[in-house]
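**Student:** Sharing run-v6.pdb below, PDB, C-alpha atoms, pLDDT in the B column:
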MODEL        1
ATOM      1  CA  MET D   1      21.376  42.910 213.406  1.00 43.00           C
ATOM      2  CA  CYS D   2      18.296  40.706 214.036  1.00 49.00           C
ATOM      3  CA  GLY D   3      19.085  38.637 217.114  1.00 49.00           C
ATOM      4  CA  SER D   4      22.616  37.356 216.476  1.00 49.00           C
ATOM      5  CA  MET D   5      22.362  37.221 212.654  1.00 48.00           C
ATOM      6  CA  PRO D   6      22.690  40.075 210.143  1.00 51.00           C
ATOM      7  CA  CYS D   7      19.311  41.119 208.665  1.00 56.00           C
ATOM      8  CA  PRO D   8      19.759  39.442 205.231  1.00 56.00           C
ATOM      9  CA  ALA D   9      20.136  36.074 207.016  1.00 61.00           C
ATOM     10  CA  CYS D  10      16.783  36.591 208.801  1.00 70.00           C
ATOM     11  CA  ARG D  11      14.777  35.840 205.637  1.00 82.00           C
ATOM     12  CA  PRO D  12      12.157  33.122 206.071  1.00 90.00           C
ATOM     13  CA  GLU D  13      11.466  30.458 203.441  1.00 92.00           C
ATOM     14  CA  CYS D  14       8.100  32.141 202.803  1.00 93.00           C
ATOM     15  CA  THR D  15       5.859  34.863 204.159  1.00 91.00           C
ATOM     16  CA  VAL D  16       2.712  34.244 202.084  1.00 92.00           C
ATOM     17  CA  ASN D  17       1.279  31.213 200.284  1.00 91.00           C
ATOM     18  CA  THR D  18       2.301  32.543 196.881  1.00 91.00           C
ATOM     19  CA  ASP D  19       5.971  32.172 197.911  1.00 93.00           C
ATOM     20  CA  CYS D  20       5.379  28.367 197.898  1.00 93.00           C
ATOM     21  CA  PRO D  21       4.520  25.817 195.154  1.00 93.00           C
ATOM     22  CA  LEU D  22       0.754  25.483 194.525  1.00 91.00           C
ATOM     23  CA  ASP D  23       0.632  22.187 196.491  1.00 93.00           C
ATOM     24  CA  LYS D  24       2.149  23.783 199.623  1.00 92.00           C
ATOM     25  CA  ALA D  25       1.082  26.557 202.024  1.00 91.00           C
ATOM     26  CA  CYS D  26       3.172  29.027 204.004  1.00 93.00           C
ATOM     27  CA  VAL D  27       2.837  28.037 207.668  1.00 89.00           C
ATOM     28  CA  ASN D  28       5.206  29.568 210.238  1.00 92.00           C
ATOM     29  CA  GLN D  29       7.441  30.788 207.400  1.00 94.00           C
ATOM     30  CA  LYS D  30       7.867  27.285 205.929  1.00 92.00           C
ATOM     31  CA  CYS D  31       6.327  25.814 202.759  1.00 95.00           C
ATOM     32  CA  VAL D  32       4.469  22.729 204.030  1.00 94.00           C
ATOM     33  CA  ASP D  33       1.721  20.336 202.987  1.00 94.00           C
ATOM     34  CA  PRO D  34      -1.479  21.928 204.386  1.00 93.00           C
ATOM     35  CA  CYS D  35      -3.387  18.620 204.401  1.00 92.00           C
ATOM     36  CA  PRO D  36      -2.319  16.972 207.708  1.00 92.00           C
ATOM     37  CA  GLY D  37      -5.043  17.627 210.253  1.00 89.00           C
ATOM     38  CA  SER D  38      -7.288  19.480 207.773  1.00 88.00           C
ATOM     39  CA  CYS D  39      -9.787  16.733 207.006  1.00 91.00           C
ATOM     40  CA  GLY D  40     -11.951  14.499 209.172  1.00 90.00           C
ATOM     41  CA  GLN D  41     -12.073  10.728 209.449  1.00 93.00           C
ATOM     42  CA  ASN D  42     -12.584   8.757 206.216  1.00 94.00           C
ATOM     43  CA  ALA D  43     -11.844  11.809 204.074  1.00 93.00           C
ATOM     44  CA  ASN D  44      -9.262  12.414 201.359  1.00 95.00           C
ATOM     45  CA  CYS D  45      -7.315  15.662 201.051  1.00 92.00           C
ATOM     46  CA  ARG D  46      -5.841  17.309 197.987  1.00 92.00           C
ATOM     47  CA  VAL D  47      -4.240  20.739 197.741  1.00 91.00           C
ATOM     48  CA  ILE D  48      -5.653  23.299 195.332  1.00 88.00           C
ATOM     49  CA  ASN D  49      -3.989  26.718 195.131  1.00 88.00           C
ATOM     50  CA  HIS D  50      -2.253  26.314 198.528  1.00 91.00           C
ATOM     51  CA  SER D  51      -5.484  25.267 200.311  1.00 89.00           C
ATOM     52  CA  PRO D  52      -6.544  21.808 201.515  1.00 91.00           C
ATOM     53  CA  VAL D  53      -9.725  20.516 199.869  1.00 92.00           C
ATOM     54  CA  CYS D  54     -11.408  17.615 201.666  1.00 92.00           C
ATOM     55  CA  SER D  55     -13.762  15.043 200.167  1.00 94.00           C
ATOM     56  CA  CYS D  56     -15.341  11.893 201.574  1.00 94.00           C
ATOM     57  CA  LYS D  57     -13.853   8.607 200.413  1.00 94.00           C
ATOM     58  CA  PRO D  58     -16.003   6.501 198.059  1.00 94.00           C
ATOM     59  CA  GLY D  59     -18.797   4.814 199.995  1.00 93.00           C
ATOM     60  CA  PHE D  60     -18.803   7.528 202.683  1.00 93.00           C
ATOM     61  CA  THR D  61     -20.835  10.680 203.189  1.00 93.00           C
ATOM     62  CA  GLY D  62     -20.851  13.617 205.583  1.00 92.00           C
ATOM     63  CA  GLU D  63     -18.895  16.789 206.187  1.00 92.00           C
ATOM     64  CA  PRO D  64     -15.357  15.898 205.016  1.00 92.00           C
ATOM     65  CA  ARG D  65     -13.684  18.560 207.184  1.00 90.00           C
ATOM     66  CA  ILE D  66     -15.259  16.942 210.263  1.00 89.00           C
ATOM     67  CA  ARG D  67     -16.116  13.278 209.581  1.00 91.00           C
ATOM     68  CA  CYS D  68     -17.364  11.029 206.801  1.00 93.00           C
ATOM     69  CA  ASN D  69     -19.568   8.077 207.754  1.00 94.00           C
ATOM     70  CA  LYS D  70     -20.081   4.868 205.833  1.00 93.00           C
ATOM     71  CA  ILE D  71     -23.194   5.011 203.672  1.00 91.00           C
ATOM     72  CA  PRO D  72     -25.463   2.299 205.108  1.00 90.00           C
ATOM     73  CA  PRO D  73     -26.879  -0.271 202.707  1.00 89.00           C
ATOM     74  CA  ARG D  74     -30.431   0.433 201.687  1.00 85.00           C
ATOM     75  CA  PRO D  75     -32.972  -2.067 202.965  1.00 83.00           C
ATOM     76  CA  PRO D  76     -35.049  -3.762 200.307  1.00 79.00           C
ATOM     77  CA  PRO D  77     -38.178  -1.734 199.520  1.00 72.00           C
ATOM     78  CA  GLN D  78     -41.392  -2.970 201.076  1.00 70.00           C
ATOM     79  CA  GLU D  79     -44.426  -3.413 198.915  1.00 74.00           C
ATOM     80  CA  ASP D  80     -47.086  -0.684 198.850  1.00 70.00           C
ATOM     81  CA  ILE D  81     -45.022   1.637 201.069  1.00 68.00           C
ATOM     82  CA  PRO D  82     -43.438   4.452 199.127  1.00 69.00           C
ATOM     83  CA  GLU D  83     -39.802   4.966 200.000  1.00 73.00           C
ATOM     84  CA  PRO D  84     -39.251   8.364 201.626  1.00 79.00           C
ATOM     85  CA  VAL D  85     -37.336  10.837 199.489  1.00 85.00           C
ATOM     86  CA  ASN D  86     -34.397  12.658 201.024  1.00 90.00           C
ATOM     87  CA  PRO D  87     -34.388  16.153 199.484  1.00 91.00           C
ATOM     88  CA  CYS D  88     -30.743  16.545 200.511  1.00 92.00           C
ATOM     89  CA  TYR D  89     -29.463  13.510 198.604  1.00 89.00           C
ATOM     90  CA  PRO D  90     -27.774  14.345 196.399  1.00 90.00           C
ATOM     91  CA  SER D  91     -27.216  17.751 197.957  1.00 88.00           C
ATOM     92  CA  PRO D  92     -28.658  20.631 195.913  1.00 92.00           C
ATOM     93  CA  CYS D  93     -26.671  23.168 197.931  1.00 92.00           C
ATOM     94  CA  GLY D  94     -23.274  23.367 196.204  1.00 90.00           C
ATOM     95  CA  PRO D  95     -19.757  23.306 197.655  1.00 90.00           C
ATOM     96  CA  TYR D  96     -18.912  24.519 201.199  1.00 89.00           C
ATOM     97  CA  SER D  97     -22.582  24.252 202.182  1.00 93.00           C
ATOM     98  CA  GLN D  98     -24.872  21.999 204.191  1.00 94.00           C
ATOM     99  CA  CYS D  99     -28.362  20.780 203.504  1.00 94.00           C
ATOM    100  CA  ARG D 100     -31.119  20.169 206.055  1.00 94.00           C
ATOM    101  CA  ASP D 101     -34.401  18.393 205.387  1.00 93.00           C
ATOM    102  CA  ILE D 102     -37.082  20.819 206.571  1.00 92.00           C
ATOM    103  CA  GLY D 103     -40.518  19.292 206.104  1.00 90.00           C
ATOM    104  CA  GLY D 104     -39.463  17.350 203.014  1.00 89.00           C
ATOM    105  CA  SER D 105     -37.767  20.337 201.338  1.00 92.00           C
ATOM    106  CA  PRO D 106     -34.050  21.131 201.243  1.00 94.00           C
ATOM    107  CA  SER D 107     -32.798  24.086 203.277  1.00 95.00           C
ATOM    108  CA  CYS D 108     -29.261  25.169 202.368  1.00 95.00           C
ATOM    109  CA  SER D 109     -26.757  27.217 204.358  1.00 95.00           C
ATOM    110  CA  CYS D 110     -23.037  27.924 204.138  1.00 93.00           C
ATOM    111  CA  LEU D 111     -20.757  25.923 206.441  1.00 91.00           C
ATOM    112  CA  PRO D 112     -19.246  27.790 209.401  1.00 88.00           C
ATOM    113  CA  ASN D 113     -16.371  30.094 208.360  1.00 84.00           C
ATOM    114  CA  TYR D 114     -17.649  30.343 204.771  1.00 89.00           C
ATOM    115  CA  ILE D 115     -19.354  33.352 203.239  1.00 89.00           C
ATOM    116  CA  GLY D 116     -21.935  33.926 200.512  1.00 90.00           C
ATOM    117  CA  SER D 117     -25.189  32.111 199.866  1.00 92.00           C
ATOM    118  CA  PRO D 118     -25.692  28.581 198.535  1.00 92.00           C
ATOM    119  CA  PRO D 119     -24.843  27.483 195.922  1.00 91.00           C
ATOM    120  CA  ASN D 120     -22.083  30.119 195.997  1.00 91.00           C
ATOM    121  CA  CYS D 121     -20.535  29.580 199.440  1.00 91.00           C
ATOM    122  CA  ARG D 122     -16.818  30.213 199.486  1.00 89.00           C
ATOM    123  CA  PRO D 123     -13.910  30.796 201.852  1.00 92.00           C
ATOM    124  CA  GLU D 124     -13.292  34.416 202.864  1.00 90.00           C
ATOM    125  CA  CYS D 125     -10.273  34.356 200.536  1.00 90.00           C
ATOM    126  CA  VAL D 126      -8.066  32.082 198.467  1.00 88.00           C
ATOM    127  CA  MET D 127      -5.688  34.772 197.178  1.00 92.00           C
ATOM    128  CA  ASN D 128      -4.100  37.821 198.812  1.00 94.00           C
ATOM    129  CA  SER D 129      -5.807  40.134 196.297  1.00 94.00           C
ATOM    130  CA  GLU D 130      -9.146  39.304 197.967  1.00 91.00           C
ATOM    131  CA  CYS D 131      -7.948  40.905 201.230  1.00 93.00           C
ATOM    132  CA  PRO D 132      -7.226  44.522 202.194  1.00 96.00           C
ATOM    133  CA  SER D 133      -3.606  45.423 201.368  1.00 95.00           C
ATOM    134  CA  HIS D 134      -2.648  45.389 205.094  1.00 96.00           C
ATOM    135  CA  GLU D 135      -3.728  41.722 205.409  1.00 96.00           C
ATOM    136  CA  ALA D 136      -2.844  38.430 203.662  1.00 95.00           C
ATOM    137  CA  CYS D 137      -4.910  35.362 202.840  1.00 94.00           C
ATOM    138  CA  ILE D 138      -3.815  32.803 205.472  1.00 92.00           C
ATOM    139  CA  ASN D 139      -5.782  29.551 205.814  1.00 90.00           C
ATOM    140  CA  GLU D 140      -8.643  31.020 203.737  1.00 89.00           C
ATOM    141  CA  LYS D 141      -9.019  34.065 206.052  1.00 90.00           C
ATOM    142  CA  CYS D 142      -7.789  37.649 205.674  1.00 92.00           C
ATOM    143  CA  GLN D 143      -5.329  38.098 208.560  1.00 94.00           C
ATOM    144  CA  ASP D 144      -2.362  40.176 209.692  1.00 96.00           C
ATOM    145  CA  PRO D 145       0.691  38.326 208.266  1.00 96.00           C
ATOM    146  CA  CYS D 146       3.131  39.891 210.770  1.00 93.00           C
ATOM    147  CA  PRO D 147       2.838  37.555 213.794  1.00 93.00           C
ATOM    148  CA  GLY D 148       5.753  35.123 213.637  1.00 89.00           C
ATOM    149  CA  SER D 149       7.152  36.626 210.426  1.00 90.00           C
ATOM    150  CA  CYS D 150      10.154  38.573 211.737  1.00 89.00           C
ATOM    151  CA  GLY D 151      13.158  37.772 213.891  1.00 86.00           C
ATOM    152  CA  TYR D 152      13.642  38.735 217.543  1.00 87.00           C
ATOM    153  CA  ASN D 153      13.215  42.483 218.167  1.00 87.00           C
ATOM    154  CA  ALA D 154      12.513  43.125 214.467  1.00 90.00           C
ATOM    155  CA  GLU D 155       9.655  45.427 213.537  1.00 92.00           C
ATOM    156  CA  CYS D 156       7.016  44.378 211.017  1.00 93.00           C
ATOM    157  CA  LYS D 157       4.746  46.374 208.776  1.00 94.00           C
ATOM    158  CA  VAL D 158       2.561  45.089 205.958  1.00 95.00           C
ATOM    159  CA  ILE D 159       2.902  46.484 202.467  1.00 94.00           C
ATOM    160  CA  ASN D 160       0.692  45.032 199.727  1.00 95.00           C
ATOM    161  CA  HIS D 161      -0.164  41.864 201.724  1.00 95.00           C
ATOM    162  CA  THR D 162       3.516  41.152 202.509  1.00 95.00           C
ATOM    163  CA  PRO D 163       5.133  41.514 205.940  1.00 95.00           C
ATOM    164  CA  ILE D 164       8.263  43.680 205.749  1.00 94.00           C
ATOM    165  CA  CYS D 165      10.735  43.172 208.592  1.00 93.00           C
ATOM    166  CA  THR D 166      13.113  45.922 209.663  1.00 93.00           C
ATOM    167  CA  CYS D 167      15.663  46.097 212.428  1.00 89.00           C
ATOM    168  CA  PRO D 168      15.265  48.875 214.998  1.00 86.00           C
ATOM    169  CA  GLN D 169      17.955  51.541 214.924  1.00 82.00           C
ATOM    170  CA  GLY D 170      20.760  51.135 217.397  1.00 65.00           C
TER     171      GLY D 170
ENDMDL
END
Would you mind writing the file's structure down as structure tokens?
**Tutor:**
Amino acid sequence: MCGSMPCPACRPECTVNTDCPLDKACVNQKCVDPCPGSCGQNANCRVINHSPVCSCKPGFTGEPRIRCNKIPPRPPPQEDIPEPVNPCYPSPCGPYSQCRDIGGSPSCSCLPNYIGSPPNCRPECVMNSECPSHEACINEKCQDPCPGSCGYNAECKVINHTPICTCPQG
């Protein structure tokens, strides 16, 4: 028995993202839309392979996971004064990266919580196979899938990225 229900009734809707449709993610054992709360102001969200992907709305720029700001109108160019060039617009850095203007040259770095080097920054994982077998890809990070996966007093161990719940003897 798990709590007051027999073990077969303790099964959650999902334990890993792959148990859900591609446009949903497994959060607290439920297949849900991962977009709410994932993107900043003035950003759109779409789900790709269980993960929210944020982009600034047309006419806005910035870091879509934090905030997108309205692109200000350009003032008319003044005669005989060359318009300064922004080496970061458009960004040469690739996805999941940020660009900084350092002395008129672009300097690229991966956003926090992303790995690799521009232009190849990426989340730690998007699929379980990118994690050690005792962890699962949860919110683009390799993590222990056991917390919150089993019923009261049930024991959890991870086999091939999947939490396996068992009832203690007695």
**Student:** Given the PyMOL selection byres ((chain D and resi 144) around 9) and the file above, list the residues it selects as a list of chain:residue names.
**Tutor:** D:His134, D:Glu135, D:Ala136, D:Cys137, D:Ile138, D:Cys142, D:Gln143, D:Pro145, D:Cys146, D:Pro147, D:Val158, D:His161, D:Pro163
**Student:** Give the answer as one residue: which of D:Gln29, D:Ser105, D:Cys35, D:Leu111 has the shortest atom-to-atom distance to Glu63 in chain D, using only C-alpha atoms?
**Tutor:**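 Closest to Glu63 in chain D of all the choices is D:Leu111.
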**Student:** I'd like to see the residues matched by the PyMOL selection byres ((chain D and resi 121) around 10) on this file, and ideally I'd get them as a VMD selection string.
**Tutor:** chain D and resid 93 to 98 109 to 111 113 to 120 122 to 124
**Student:** Run the PyMOL selection byres ((chain D and resi 41-53) around 8) against the file shown and list the residues it catches, as a PDB file with C-alpha atoms, in the frame of the given file.
**Tutor:**
ATOM      1  CA  ASN D  17       1.279  31.213 200.284  1.00 91.00           C
ATOM      2  CA  THR D  18       2.301  32.543 196.881  1.00 91.00           C
ATOM      3  CA  CYS D  20       5.379  28.367 197.898  1.00 93.00           C
ATOM      4  CA  PRO D  21       4.520  25.817 195.154  1.00 93.00           C
ATOM      5  CA  LEU D  22       0.754  25.483 194.525  1.00 91.00           C
ATOM      6  CA  ASP D  23       0.632  22.187 196.491  1.00 93.00           C
ATOM      7  CA  LYS D  24       2.149  23.783 199.623  1.00 92.00           C
ATOM      8  CA  ALA D  25       1.082  26.557 202.024  1.00 91.00           C
ATOM      9  CA  ASP D  33       1.721  20.336 202.987  1.00 94.00           C
ATOM     10  CA  PRO D  34      -1.479  21.928 204.386  1.00 93.00           C
ATOM     11  CA  CYS D  35      -3.387  18.620 204.401  1.00 92.00           C
ATOM     12  CA  SER D  38      -7.288  19.480 207.773  1.00 88.00           C
ATOM     13  CA  CYS D  39      -9.787  16.733 207.006  1.00 91.00           C
ATOM     14  CA  GLY D  40     -11.951  14.499 209.172  1.00 90.00           C
ATOM     15  CA  CYS D  54     -11.408  17.615 201.666  1.00 92.00           C
ATOM     16  CA  SER D  55     -13.762  15.043 200.167  1.00 94.00           C
ATOM     17  CA  CYS D  56     -15.341  11.893 201.574  1.00 94.00           C
ATOM     18  CA  LYS D  57     -13.853   8.607 200.413  1.00 94.00           C
ATOM     19  CA  PHE D  60     -18.803   7.528 202.683  1.00 93.00           C
ATOM     20  CA  PRO D  64     -15.357  15.898 205.016  1.00 92.00           C
ATOM     21  CA  ARG D  65     -13.684  18.560 207.184  1.00 90.00           C
ATOM     22  CA  ILE D  66     -15.259  16.942 210.263  1.00 89.00           C
ATOM     23  CA  ARG D  67     -16.116  13.278 209.581  1.00 91.00           C
ATOM     24  CA  CYS D  68     -17.364  11.029 206.801  1.00 93.00           C
ATOM     25  CA  ASN D  69     -19.568   8.077 207.754  1.00 94.00           C
ATOM     26  CA  VAL D 126      -8.066  32.082 198.467  1.00 88.00           C
ATOM     27  CA  ASN D 139      -5.782  29.551 205.814  1.00 90.00           C
ATOM     28  CA  GLU D 140      -8.643  31.020 203.737  1.00 89.00           C
TER      29      GLU D 140
END
**Student:** Listed atoms of range 83-92 of chain D, axis-aligned box, 4 Å per side: centre and edge lengths to one decimal in Å, as AutoDock Vina command-line options?
**Tutor:**
--center_x -33.5 --center_y 12.8 --center_z 198.8 --size_x 20.6 --size_y 23.7 --size_z 13.7
**Student:** So that I can see what lies close to Tyr89 in chain D, please list as a list in words the residues with an atom at most 10 Å from it, counting only C-alpha atoms and leaving out residues fewer than 6 positions away in the same chain.
**Tutor:** Cys99, Asp101 and Pro106 of chain D
**Student:** CA of Met127 in chain D and CA of Ser91 in chain D are how many Å apart?
**Tutor:** 27.5 Å
**Student:** Taking only C-alpha atoms into account, which of D:Ser107, D:Asn160, D:Ile102, D:Glu155 comes nearest Asn128 in chain D?
**Tutor:**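 Ranked by minimum distance to Asn128 in chain D, first place goes to D:Asn160.
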**Student:** State, in Å with one decimal place, the distance from CA of Lys30 in chain D to CA of Glu130 in chain D.
**Tutor:**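 These atoms are spaced 22.3 Å apart.
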**Student:** Distance CA of Val27 in chain D-CA of Pro12 in chain D, one decimal place?
**Tutor:**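 Going from CA of Val27 in chain D over to CA of Pro12 in chain D, I get 10.7 Å.
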**Student:** Taking into account all atoms listed in the file, which residue in the set D:Gln78, D:Gly62, D:Cys10, D:Cys26 is nearest to Ala154 in chain D?
**Tutor:**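 Of D:Gln78, D:Gly62, D:Cys10, D:Cys26, the one nearest Ala154 in chain D, counting all atoms listed in the file, is D:Cys10.
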**Student:** Which residue gives the smallest distance to Cys108 in chain D among D:Pro132, D:Gly151, D:Gly37, D:Pro87, with only C-alpha atoms counted?
**Tutor:** D:Pro87
**Student:** Taking into account all atoms listed in the file, which residue in the set D:Pro90, D:Gly103, D:Pro36, D:Gly59 is nearest to Pro72 in chain D?
**Tutor:**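 Using all atoms listed in the file, Pro72 in chain D sits closest to D:Gly59.
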